[in-house]
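Peer 1: Encoded as C-alpha coordinates, here's the structure I'll be asking about.
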Amino acid sequence: MKHKLCLHGLEVKNQAQLLNLAKRLLPGSTVKVKIKEKYFNDNDMYKYRLTRFTPENIDGVRLYCAWGTLLVSDKLLAIADIIIEFEYRNAEAAEAVDSLLQKLLASKTKFVLEEPDFSQRLDQLRGCFDQKQLAAYNADSAMSLLYCHLPWQVYYVSKLWQEVLSRGPERSLLRQLRVKLRRLRSLLTLCKPLLPEQEAVHWQGVLKASTNRLGDVREYDVALQICSRLQRSREQAEATLPQLT
(Lines give C-alpha, C1' and ligand atoms only; values in the text may rest on other atoms or scores of the structure.)
Protein backbone atom coordinates (compact mmCIF):
# COMPACT_ATOMS: atom_id res chain seq x y z
CA MET A 1 0.00 0.00 0.00
CA LYS A 2 1.33 3.42 -0.96
CA HIS A 3 1.42 6.35 1.43
CA LYS A 4 2.06 10.00 0.68
CA LEU A 5 3.63 12.78 2.71
CA CYS A 6 3.41 16.37 1.55
CA LEU A 7 5.60 19.29 2.62
CA HIS A 8 4.38 22.74 1.60
CA GLY A 9 7.20 25.21 1.03
CA LEU A 10 6.94 28.71 2.51
CA GLU A 11 8.29 31.76 0.70
CA VAL A 12 9.31 29.69 -2.33
CA LYS A 13 10.20 32.23 -5.02
CA ASN A 14 10.07 29.98 -8.09
CA GLN A 15 9.67 26.38 -9.24
CA ALA A 16 13.41 25.99 -9.78
CA GLN A 17 13.97 26.26 -6.03
CA LEU A 18 12.00 23.03 -5.46
CA LEU A 19 13.36 21.25 -8.55
CA ASN A 20 16.99 21.97 -7.65
CA LEU A 21 16.37 20.71 -4.13
CA ALA A 22 14.86 17.49 -5.48
CA LYS A 23 17.76 17.01 -7.91
CA ARG A 24 20.30 17.36 -5.11
CA LEU A 25 18.44 14.83 -2.97
CA LEU A 26 17.88 12.28 -5.76
CA PRO A 27 20.62 12.64 -8.38
CA GLY A 28 20.26 10.47 -11.48
CA SER A 29 16.50 10.06 -11.12
CA THR A 30 14.14 9.55 -14.04
CA VAL A 31 12.10 12.73 -14.48
CA LYS A 32 8.61 13.11 -15.99
CA VAL A 33 6.35 16.18 -16.09
CA LYS A 34 2.54 16.48 -16.20
CA ILE A 35 0.02 19.30 -15.98
CA LYS A 36 -2.86 18.71 -13.53
CA GLU A 37 -6.03 20.78 -13.28
CA LYS A 38 -9.54 20.39 -11.91
CA TYR A 39 -12.55 22.69 -11.53
CA PHE A 40 -15.12 22.73 -8.71
CA ASN A 41 -18.29 24.62 -7.84
CA ASP A 42 -18.20 28.40 -7.26
CA ASN A 43 -15.24 28.76 -9.65
CA ASP A 44 -12.84 27.02 -7.24
CA MET A 45 -10.07 25.15 -9.01
CA TYR A 46 -6.47 24.01 -8.96
CA LYS A 47 -3.85 23.87 -11.67
CA TYR A 48 -0.25 22.84 -11.21
CA ARG A 49 2.79 21.40 -12.90
CA LEU A 50 3.78 18.03 -11.41
CA THR A 51 7.38 16.87 -11.83
CA ARG A 52 8.01 13.25 -10.83
CA PHE A 53 11.43 12.01 -9.74
CA THR A 54 11.90 8.22 -9.71
CA PRO A 55 15.26 7.25 -8.17
CA GLU A 56 17.00 4.30 -9.78
CA ASN A 57 18.63 2.99 -6.60
CA ILE A 58 15.65 3.24 -4.18
CA ASP A 59 12.80 0.84 -4.84
CA GLY A 60 9.30 1.89 -3.84
CA VAL A 61 9.94 5.65 -3.52
CA ARG A 62 8.90 8.54 -5.75
CA LEU A 63 9.25 12.26 -5.16
CA TYR A 64 7.02 14.89 -6.77
CA CYS A 65 7.41 18.65 -7.06
CA ALA A 66 4.06 20.42 -7.47
CA TRP A 67 4.06 24.05 -8.57
CA GLY A 68 0.94 26.05 -9.38
CA THR A 69 -2.11 27.75 -7.91
CA LEU A 70 -5.22 26.87 -5.93
CA LEU A 71 -8.27 29.13 -6.22
CA VAL A 72 -10.55 28.91 -3.17
CA SER A 73 -13.42 31.34 -2.45
CA ASP A 74 -11.83 33.94 -4.76
CA LYS A 75 -8.50 33.61 -2.93
CA LEU A 76 -5.45 32.60 -4.93
CA LEU A 77 -3.12 30.31 -2.97
CA ALA A 78 0.27 29.02 -3.99
CA ILE A 79 1.03 25.36 -4.59
CA ALA A 80 4.73 24.88 -3.82
CA ASP A 81 4.91 21.33 -2.54
CA ILE A 82 7.22 18.37 -2.33
CA ILE A 83 5.27 15.11 -2.13
CA ILE A 84 6.93 11.80 -1.25
CA GLU A 85 5.15 8.58 -2.21
CA PHE A 86 6.39 5.28 -0.78
CA GLU A 87 5.52 1.69 0.06
CA TYR A 88 5.30 1.89 3.83
CA ARG A 89 5.73 -1.88 4.28
CA ASN A 90 9.04 -1.69 2.40
CA ALA A 91 11.68 -1.22 5.11
CA GLU A 92 14.26 0.16 2.66
CA ALA A 93 11.75 2.65 1.27
CA ALA A 94 10.68 3.79 4.75
CA GLU A 95 14.32 4.31 5.76
CA ALA A 96 14.99 6.28 2.57
CA VAL A 97 11.94 8.48 3.17
CA ASP A 98 13.08 9.20 6.73
CA SER A 99 16.45 10.34 5.37
CA LEU A 100 14.81 12.49 2.67
CA LEU A 101 12.54 14.19 5.20
CA GLN A 102 15.43 15.02 7.51
CA LYS A 103 17.37 16.57 4.63
CA LEU A 104 14.36 18.55 3.43
CA LEU A 105 13.63 19.92 6.90
CA ALA A 106 17.31 20.79 7.36
CA SER A 107 17.39 22.81 4.12
CA LYS A 108 17.06 26.59 3.93
CA THR A 109 13.47 26.29 2.68
CA LYS A 110 10.83 26.29 5.41
CA PHE A 111 8.18 23.56 5.17
CA VAL A 112 4.93 22.71 6.91
CA LEU A 113 2.96 19.48 6.67
CA GLU A 114 0.05 19.60 4.22
CA GLU A 115 -2.67 17.36 2.76
CA PRO A 116 -1.21 15.68 -0.36
CA ASP A 117 -4.60 15.24 -2.08
CA PHE A 118 -5.45 18.61 -3.61
CA SER A 119 -9.19 17.90 -3.84
CA GLN A 120 -9.30 17.12 -0.11
CA ARG A 121 -7.13 20.15 0.64
CA LEU A 122 -9.54 22.35 -1.26
CA ASP A 123 -12.49 20.87 0.67
CA GLN A 124 -10.71 21.62 3.94
CA LEU A 125 -10.20 25.23 2.91
CA ARG A 126 -13.83 25.52 1.78
CA GLY A 127 -15.06 24.12 5.10
CA CYS A 128 -16.84 21.14 3.53
CA PHE A 129 -14.34 18.38 4.24
CA ASP A 130 -16.02 15.19 5.49
CA GLN A 131 -13.87 12.38 6.93
CA LYS A 132 -16.72 9.93 6.31
CA GLN A 133 -16.15 10.29 2.56
CA LEU A 134 -12.58 9.02 2.78
CA ALA A 135 -11.81 5.56 1.42
CA ALA A 136 -10.20 4.56 4.73
CA TYR A 137 -13.28 5.49 6.78
CA ASN A 138 -15.21 2.60 8.34
CA ALA A 139 -17.90 3.38 10.90
CA ASP A 140 -17.44 -0.08 12.43
CA SER A 141 -13.69 0.24 12.92
CA ALA A 142 -11.83 2.23 15.58
CA MET A 143 -8.96 2.57 13.11
CA SER A 144 -10.99 5.25 11.31
CA LEU A 145 -10.11 7.50 14.24
CA LEU A 146 -6.45 6.93 13.47
CA TYR A 147 -6.58 7.04 9.67
CA CYS A 148 -9.14 9.81 9.14
CA HIS A 149 -9.67 12.03 12.19
CA LEU A 150 -6.11 12.27 13.55
CA PRO A 151 -4.47 13.37 10.26
CA TRP A 152 -7.12 16.06 9.76
CA GLN A 153 -6.30 17.56 13.17
CA VAL A 154 -2.57 17.39 12.39
CA TYR A 155 -3.11 19.26 9.11
CA TYR A 156 -5.17 21.91 10.90
CA VAL A 157 -2.37 22.53 13.41
CA SER A 158 0.14 22.64 10.56
CA LYS A 159 -1.89 25.31 8.75
CA LEU A 160 -1.84 27.47 11.89
CA TRP A 161 1.93 27.03 12.18
CA GLN A 162 2.12 28.19 8.56
CA GLU A 163 0.19 31.33 9.50
CA VAL A 164 2.52 31.97 12.44
CA LEU A 165 5.62 31.53 10.28
CA SER A 166 4.20 33.74 7.51
CA ARG A 167 2.57 36.53 9.56
CA GLY A 168 4.57 36.42 12.76
CA PRO A 169 3.51 35.54 16.33
CA GLU A 170 0.23 37.44 16.41
CA ARG A 171 -1.75 37.04 19.64
CA SER A 172 -4.89 35.69 17.99
CA LEU A 173 -2.92 33.08 16.04
CA LEU A 174 -1.07 31.90 19.14
CA ARG A 175 -4.35 31.55 21.03
CA GLN A 176 -5.85 29.47 18.20
CA LEU A 177 -2.71 27.35 17.97
CA ARG A 178 -2.78 26.59 21.71
CA VAL A 179 -6.44 25.49 21.50
CA LYS A 180 -5.78 23.27 18.47
CA LEU A 181 -2.73 21.69 20.08
CA ARG A 182 -4.77 20.84 23.19
CA ARG A 183 -7.47 19.33 20.97
CA LEU A 184 -4.87 17.30 19.06
CA ARG A 185 -3.37 16.08 22.33
CA SER A 186 -6.83 14.96 23.55
CA LEU A 187 -7.43 13.10 20.29
CA LEU A 188 -4.02 11.44 20.54
CA THR A 189 -4.99 10.17 23.99
CA LEU A 190 -8.06 8.52 22.45
CA CYS A 191 -5.90 7.02 19.70
CA LYS A 192 -3.20 5.81 22.10
CA PRO A 193 -4.43 2.16 22.27
CA LEU A 194 -4.18 2.02 18.46
CA LEU A 195 -0.61 3.32 18.29
CA PRO A 196 2.79 1.89 19.25
CA GLU A 197 3.08 2.75 22.94
CA GLN A 198 6.56 4.27 22.83
CA GLU A 199 5.75 6.59 19.90
CA ALA A 200 2.41 7.62 21.42
CA VAL A 201 4.03 8.55 24.75
CA HIS A 202 6.75 10.48 22.92
CA TRP A 203 4.27 12.59 20.93
CA GLN A 204 2.12 13.20 23.98
CA GLY A 205 5.21 14.70 25.61
CA VAL A 206 6.00 16.82 22.54
CA LEU A 207 2.46 18.20 22.38
CA LYS A 208 2.38 18.85 26.13
CA ALA A 209 5.65 20.79 25.97
CA SER A 210 4.40 22.88 23.05
CA THR A 211 1.11 23.58 24.80
CA ASN A 212 2.92 24.58 28.01
CA ARG A 213 5.15 27.02 26.10
CA LEU A 214 2.12 28.58 24.46
CA GLY A 215 0.47 28.69 27.91
CA ASP A 216 3.35 30.87 29.13
CA VAL A 217 2.82 33.09 26.10
CA ARG A 218 -0.88 33.28 26.96
CA GLU A 219 -0.10 34.41 30.53
CA TYR A 220 2.23 37.06 29.16
CA ASP A 221 -0.49 38.13 26.74
CA VAL A 222 -3.01 38.48 29.59
CA ALA A 223 -0.50 40.53 31.59
CA LEU A 224 -0.03 42.87 28.61
CA GLN A 225 -3.79 43.26 28.25
CA ILE A 226 -4.13 44.15 31.95
CA CYS A 227 -1.32 46.69 31.67
CA SER A 228 -2.95 48.19 28.59
CA ARG A 229 -6.30 48.56 30.39
CA LEU A 230 -4.61 50.14 33.43
CA GLN A 231 -2.79 52.57 31.18
CA ARG A 232 -6.02 53.58 29.43
CA SER A 233 -7.78 53.99 32.80
CA ARG A 234 -4.96 56.19 34.06
CA GLU A 235 -5.03 58.34 30.94
CA GLN A 236 -8.81 58.75 31.21
CA ALA A 237 -8.57 59.64 34.90
CA GLU A 238 -5.87 62.23 34.25
CA ALA A 239 -7.95 63.73 31.44
CA THR A 240 -10.96 64.22 33.76
CA LEU A 241 -9.05 65.72 36.70
CA PRO A 242 -9.70 69.43 37.19
CA GLN A 243 -6.95 71.62 35.91
CA LEU A 244 -5.12 73.31 38.81
CA THR A 245 -4.33 76.94 38.28
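If you're wondering about the labels, chains in the C-alpha coordinates are A, B, ... by order shown, residues count from 1 in each chain, ligands from 1 in order shown.
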List as a Markdown table every residue of stretch 81-115 of chain A that is in contact with stretch 13-25 of chain A, defined as an atom at most 9 Å from one of its atoms (using only C-alpha atoms), together with the nearest atom pair and the distance in Å rounded to one decimal, sorted by chain and then rising number.
Peer 2:
```
| residue | atom | partner | partner_atom | distance |
| --- | --- | --- | --- | --- |
| A:Asp81 | CA | A:Leu18 | CA | 7.9 |
| A:Ile82 | CA | A:Leu18 | CA | 7.4 |
| A:Leu100 | CA | A:Leu25 | CA | 7.1 |
| A:Lys103 | CA | A:Leu25 | CA | 7.9 |
| A:Leu104 | CA | A:Leu21 | CA | 8.1 |
| A:Ser107 | CA | A:Leu21 | CA | 8.6 |
| A:Thr109 | CA | A:Gln17 | CA | 8.7 |
```
Peer 1: Would you give me, as a PyMOL selection string, the residues in chain A that DSSP reads as strand (DSSP E)?
Peer 2: chain A and resi 2-10+30-39+45-54+61-72+75-87+110-114
Peer 1: Quick check, in Å to one decimal: how far apart do atom CA of A:Arg213 and atom CA of A:Leu230 lie?
Peer 2: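 We find that atom CA of A:Arg213 and atom CA of A:Leu230 lie 26.1 Å from each other.
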Peer 1: Please identify the helix (DSSP H, G or I) residues within stretch 14-179 of chain A (assignment by DSSP from backbone atoms) and present them as a count of residues only.
Peer 2: 75
Peer 1: Neighbours of A:Arg182 within 9 Å (only C-alpha atoms; same-chain residues fewer than 4 positions away dropped), as a PyMOL selection string?
Peer 2: chain A and resi 177-178+186-187+207-208+211
